[in-house]
Amino acid sequence: MAWRPNCCPNKDTAKMVRTRSRAEADDSPGEAFQPISVKPPSSNPWAFRLRCVVDLQLATIVKHLRPALGSLDGKVLDVGAGQSPWRSWLPERVHYFGLDIANAAEFGMSESVRDVTYYDGGSMPFADGTFDAVLCVEVMEHASDPELLVSEMFRVLKPGGTLLLTVPWSARLHHLPHDYHRFTRNRLRALLSGHGFADIRIAERGSDVGAIANKLTVLSLRLFSPGQGWRLVFTMPFGVITGLLAAAFVCAAHAADRLGWGAAEDPLGYFLQATRSIRRPD
């Protein structure tokens with residue numbers, strides 16, 4: 001399919017996506033608060049650095065992703081682009097394309113970001129072998145059909161093209177009702193190799209120390225949430241305790257990440273780099 005810059009979904013597509021979302025939401029548990037969307041680091045460098053101190057998921061993504069972005073060239077597709085936060089870290093020689101779903105607003109994202117195409121989440125609106133690299137950062141868990149997503153990323157990549165992908169492992173349910181999966185290292189490898197990707201390299205993001213810190217941080221935020229109402233009288237004292245513990249574990253997690261401490265079998269998530277093979281497996 002030919003690419004159309006900044007194409008918007010037609011009314012039927014948008015209606016279909018929103019109807020499906022409402023149906024999925026009928027029996028979904030409530031979400032106390034949604035994750036804060038990641039803004040481009042260049043928009044407020046100090047705020048981004050501060051967030052990386054507290055938000056260990058983001059910090060570990062940055063640790064692995066930023067060095068890999070510097071080696072990319074040619075046309076790069078950012079799948080699930082959101083606010084295009086990683087664009088400013090790409091080399092100037094790169095031609096950036098973003099892709100996101102028609103109901104991006106349900107994920108706290110804008111639906112009018114520059115150079116981002118919006119679609120229905122099915123077949124990507126690009127011809128075979130269009131891109132030299134594809135980014136897919138914290139998106140796979142929200143794909144109701146991850147097999148289709150991986151297949152489409154393979155299709156739009158040129159032979160020899162690079163895939164950079166991250167997924168969470170130890171993470172609360174978020175952006176409900178569109179949180180469908182948690183992928184292990186073995187599942188990621190099987191999924192990617194089954195669709196023709198080769199040279200698959202997977203790295204754990206963080207460890208059990210970071211996972212504990214992350215849970216304590218979220219628990220503290222929940223205990224201090226205005227949504228607690230009158231229960232704040234009882235939850236705030238516990239929130240102070242968990243907040244202090246969270247701060248201690250966040251510091252420990254950063255130290256563990258630098259020194260290689262902690263159990264790798266209970267990470268915050270995974271970072272994956274792979275290469276598109278010449279052809280799909282039979």
# chains A, B, ... in the order shown; residues from 1 in each chain; ligands from 1
>>> residues_around(residues="region 203-209 of chain A", least_positions_apart="2", cutoff="10 Å", atoms="only C-alpha atoms", output="MDAnalysis selection string")
chainID A and resid 56:64 166:170 185 201 211:214 249:258 260:273
>>> write_last_selection(atoms="N, CA and C atoms", output="short mmCIF file (atom, residue, chain, number, x, y, z; two decimals), in the first residue's frame")
data_model
loop_
_atom_site.label_atom_id
_atom_site.label_comp_id
_atom_site.auth_asym_id
_atom_site.auth_seq_id
_atom_site.Cartn_x
_atom_site.Cartn_y
_atom_site.Cartn_z
N LEU A 56 11.96 4.10 36.76
CA LEU A 56 12.99 3.13 36.40
C LEU A 56 12.70 2.43 35.08
N GLN A 57 11.42 2.27 34.74
CA GLN A 57 11.10 1.72 33.42
C GLN A 57 11.71 2.60 32.33
N LEU A 58 11.46 3.91 32.43
CA LEU A 58 11.99 4.84 31.43
C LEU A 58 13.51 4.87 31.46
N ALA A 59 14.09 4.88 32.65
CA ALA A 59 15.55 4.94 32.78
C ALA A 59 16.23 3.76 32.10
N THR A 60 15.67 2.57 32.27
CA THR A 60 16.30 1.39 31.66
C THR A 60 16.06 1.33 30.16
N ILE A 61 14.93 1.88 29.70
CA ILE A 61 14.71 1.98 28.25
C ILE A 61 15.77 2.89 27.64
N VAL A 62 15.96 4.06 28.25
CA VAL A 62 16.93 5.03 27.75
C VAL A 62 18.34 4.44 27.72
N LYS A 63 18.69 3.70 28.76
CA LYS A 63 20.03 3.12 28.85
C LYS A 63 20.36 2.25 27.63
N HIS A 64 19.40 1.45 27.19
CA HIS A 64 19.64 0.53 26.07
C HIS A 64 19.31 1.16 24.72
N THR A 166 11.30 -2.72 22.72
CA THR A 166 11.29 -2.90 24.17
C THR A 166 9.90 -3.32 24.61
N VAL A 167 9.86 -4.14 25.67
CA VAL A 167 8.59 -4.53 26.29
C VAL A 167 8.77 -4.52 27.80
N PRO A 168 7.69 -4.27 28.54
CA PRO A 168 7.78 -4.38 30.00
C PRO A 168 7.60 -5.83 30.44
N TRP A 169 8.10 -6.13 31.61
CA TRP A 169 7.80 -7.43 32.23
C TRP A 169 7.13 -7.19 33.59
N SER A 170 7.88 -6.60 34.52
CA SER A 170 7.30 -6.27 35.82
C SER A 170 6.69 -4.88 35.74
N ARG A 185 11.64 -13.64 27.85
CA ARG A 185 12.75 -13.67 26.89
C ARG A 185 12.52 -14.76 25.84
N ARG A 201 19.12 -10.33 19.63
CA ARG A 201 19.84 -10.10 20.89
C ARG A 201 18.88 -9.48 21.89
N ALA A 211 12.45 -3.83 40.15
CA ALA A 211 11.03 -4.22 40.16
C ALA A 211 10.39 -3.89 41.50
N ILE A 212 11.12 -4.15 42.60
CA ILE A 212 10.60 -3.82 43.93
C ILE A 212 10.45 -2.31 44.08
N ALA A 213 11.46 -1.57 43.64
CA ALA A 213 11.40 -0.10 43.71
C ALA A 213 10.22 0.44 42.93
N ASN A 214 9.98 -0.14 41.75
CA ASN A 214 8.88 0.31 40.91
C ASN A 214 7.53 0.07 41.58
N PHE A 249 14.85 2.14 47.72
CA PHE A 249 14.99 1.10 46.71
C PHE A 249 15.29 1.68 45.33
N VAL A 250 14.79 2.89 45.04
CA VAL A 250 15.14 3.54 43.77
C VAL A 250 16.64 3.79 43.72
N CYS A 251 17.20 4.30 44.81
CA CYS A 251 18.66 4.51 44.87
C CYS A 251 19.40 3.19 44.72
N ALA A 252 18.90 2.15 45.42
CA ALA A 252 19.53 0.83 45.32
C ALA A 252 19.44 0.27 43.91
N ALA A 253 18.31 0.53 43.23
CA ALA A 253 18.12 0.02 41.87
C ALA A 253 19.10 0.65 40.90
N HIS A 254 19.32 1.96 41.02
CA HIS A 254 20.30 2.62 40.16
C HIS A 254 21.70 2.07 40.41
N ALA A 255 22.03 1.84 41.68
CA ALA A 255 23.34 1.27 42.01
C ALA A 255 23.45 -0.15 41.47
N ALA A 256 22.39 -0.95 41.63
CA ALA A 256 22.40 -2.33 41.15
C ALA A 256 22.57 -2.39 39.64
N ASP A 257 21.93 -1.44 38.94
CA ASP A 257 22.02 -1.42 37.49
C ASP A 257 23.45 -1.11 37.03
N ARG A 258 24.11 -0.23 37.75
CA ARG A 258 25.49 0.12 37.39
C ARG A 258 26.47 -0.99 37.74
N GLY A 260 25.71 -4.28 38.29
CA GLY A 260 25.34 -5.62 37.84
C GLY A 260 24.78 -6.50 38.93
N TRP A 261 24.20 -5.89 39.97
CA TRP A 261 23.59 -6.66 41.04
C TRP A 261 22.14 -6.99 40.68
N GLY A 262 21.54 -7.86 41.49
CA GLY A 262 20.13 -8.17 41.31
C GLY A 262 19.91 -9.38 40.42
N ALA A 263 18.71 -9.93 40.50
CA ALA A 263 18.36 -11.13 39.75
C ALA A 263 17.81 -10.77 38.38
N ALA A 264 18.46 -11.28 37.33
CA ALA A 264 18.05 -10.96 35.97
C ALA A 264 16.75 -11.66 35.57
N GLU A 265 16.36 -12.71 36.32
CA GLU A 265 15.14 -13.42 35.94
C GLU A 265 13.87 -12.68 36.39
N ASP A 266 14.02 -11.54 37.05
CA ASP A 266 12.86 -10.74 37.42
C ASP A 266 13.10 -9.28 37.06
N PRO A 267 13.25 -9.00 35.75
CA PRO A 267 13.60 -7.64 35.32
C PRO A 267 12.37 -6.74 35.22
N LEU A 268 12.63 -5.47 34.98
CA LEU A 268 11.55 -4.53 34.68
C LEU A 268 11.00 -4.79 33.29
N GLY A 269 11.87 -5.21 32.37
CA GLY A 269 11.46 -5.46 31.00
C GLY A 269 12.63 -5.95 30.18
N TYR A 270 12.46 -5.91 28.85
CA TYR A 270 13.49 -6.41 27.94
C TYR A 270 13.73 -5.40 26.81
N PHE A 271 14.97 -5.40 26.35
CA PHE A 271 15.35 -4.66 25.15
C PHE A 271 15.81 -5.67 24.12
N LEU A 272 15.33 -5.53 22.89
CA LEU A 272 15.63 -6.50 21.84
C LEU A 272 16.10 -5.79 20.58
N GLN A 273 17.13 -6.35 19.97
CA GLN A 273 17.59 -5.87 18.66
C GLN A 273 17.67 -7.07 17.74
#
>>> select_by_dssp(residues="region 12-230 of chain A", states="alpha helix (DSSP H)", output="MDAnalysis selection string")
chainID A and resid 12:25 45:54 56:69 146:156 185:194 208:223
>>> write_last_selection(atoms="C-alpha atoms", output="compact mmCIF listing (two decimals), in the first residue's frame")
# COMPACT_ATOMS: atom_id res chain seq x y z
CA ASP A 12 -15.69 4.41 9.67
CA THR A 13 -12.23 3.30 10.83
CA ALA A 14 -12.25 5.65 13.82
CA LYS A 15 -15.75 4.49 14.76
CA MET A 16 -14.69 0.83 14.49
CA VAL A 17 -11.69 1.35 16.77
CA ARG A 18 -13.69 3.26 19.40
CA THR A 19 -16.53 0.71 19.36
CA ARG A 20 -14.05 -2.12 19.90
CA SER A 21 -12.47 -0.16 22.76
CA ARG A 22 -15.82 0.33 24.52
CA ALA A 23 -16.62 -3.37 24.20
CA GLU A 24 -13.27 -4.35 25.71
CA ALA A 25 -13.77 -1.88 28.56
CA PRO A 45 15.90 18.15 29.38
CA TRP A 46 15.98 18.66 33.15
CA ALA A 47 12.45 17.34 33.65
CA PHE A 48 13.32 14.31 31.52
CA ARG A 49 16.47 13.61 33.55
CA LEU A 50 14.54 13.94 36.79
CA ARG A 51 11.87 11.56 35.54
CA CYS A 52 14.57 9.02 34.66
CA VAL A 53 15.73 9.13 38.28
CA VAL A 54 12.27 8.16 39.57
CA LEU A 56 12.99 3.13 36.40
CA GLN A 57 11.10 1.72 33.42
CA LEU A 58 11.99 4.84 31.43
CA ALA A 59 15.55 4.94 32.78
CA THR A 60 16.30 1.39 31.66
CA ILE A 61 14.71 1.98 28.25
CA VAL A 62 16.93 5.03 27.75
CA LYS A 63 20.03 3.12 28.85
CA HIS A 64 19.64 0.53 26.07
CA LEU A 65 17.79 2.48 23.39
CA ARG A 66 19.76 5.70 23.11
CA PRO A 67 23.10 4.12 22.07
CA ALA A 68 21.31 1.92 19.53
CA LEU A 69 19.52 4.87 17.92
CA PRO A 146 1.20 -9.41 18.39
CA GLU A 147 1.75 -11.97 15.62
CA LEU A 148 0.25 -9.52 13.12
CA LEU A 149 2.30 -6.63 14.49
CA VAL A 150 5.58 -8.55 14.20
CA SER A 151 4.63 -9.80 10.74
CA GLU A 152 3.90 -6.25 9.57
CA MET A 153 7.16 -4.90 10.99
CA PHE A 154 9.00 -7.64 9.11
CA ARG A 155 7.11 -6.80 5.92
CA VAL A 156 7.85 -3.07 5.89
CA ARG A 185 12.75 -13.67 26.89
CA ASN A 186 11.95 -17.07 25.35
CA ARG A 187 8.58 -15.94 24.02
CA LEU A 188 10.13 -12.87 22.40
CA ARG A 189 12.80 -14.96 20.69
CA ALA A 190 10.27 -17.50 19.42
CA LEU A 191 7.90 -14.80 18.20
CA LEU A 192 10.57 -12.87 16.30
CA SER A 193 12.40 -15.87 14.85
CA GLY A 194 9.09 -17.40 13.79
CA ASP A 208 14.42 -7.58 40.90
CA VAL A 209 15.74 -4.58 42.86
CA GLY A 210 14.27 -2.23 40.26
CA ALA A 211 11.03 -4.22 40.16
CA ILE A 212 10.60 -3.82 43.93
CA ALA A 213 11.40 -0.10 43.71
CA ASN A 214 8.88 0.31 40.91
CA LYS A 215 6.11 -1.44 42.86
CA LEU A 216 6.81 0.63 45.98
CA THR A 217 6.73 3.85 43.95
CA VAL A 218 3.36 2.99 42.39
CA LEU A 219 1.97 1.90 45.77
CA SER A 220 3.05 5.20 47.34
CA LEU A 221 1.36 7.20 44.57
CA ARG A 222 -1.81 5.19 45.02
CA LEU A 223 -1.84 5.73 48.80
>>> atom_distance(atom1="CA of Val233 (chain A)", atom2="CA of Leu245 (chain A)")
19.9 Å
>>> residues_around(residues="Thr130 (chain A)", least_positions_apart="2", cutoff="12 Å", atoms="only C-alpha atoms", output="PyMOL selection string")
chain A and resi 1-3+74-77+95+97+124-128+132-134+152-161
>>> select_by_dssp(residues="region 47-229 of chain A", states="strand (DSSP E or B)", output="VMD selection string")
chain A and resid 75 to 79 95 to 101 116 to 119 131 to 137 157 to 168 197 to 205
>>> closest_residue(among="A:Glu138, A:Asp145, A:Asp78, A:Asp73", to="Thr117 (chain A)", atoms="only C-alpha atoms")
A:Asp78
>>> closest_residue(among="A:Val94, A:Lys39, A:Arg182, A:Trp86", to="Leu72 (chain A)", atoms="only C-alpha atoms")
A:Val94
>>> atom_distance(atom1="CA of Val113 (chain A)", atom2="CA of Phe183 (chain A)")
28.9 Å
>>> atom_distance(atom1="CA of Val116 (chain A)", atom2="CA of Val139 (chain A)")
15.5 Å
>>> residues_around(residues="Asp120 (chain A)", least_positions_apart="2", cutoff="6 Å", atoms="only C-alpha atoms", output="JSON, numbers by chain")
{"A": [101, 102, 122]}
>>> closest_residue(among="A:Ala247, A:Leu90, A:Ala81, A:Ala274", to="Ile200 (chain A)", atoms="only C-alpha atoms")
A:Ala274
>>> closest_residue(among="A:Val240, A:Leu259, A:Ala198, A:Ile36", to="Phe107 (chain A)", atoms="only C-alpha atoms")
A:Ile36
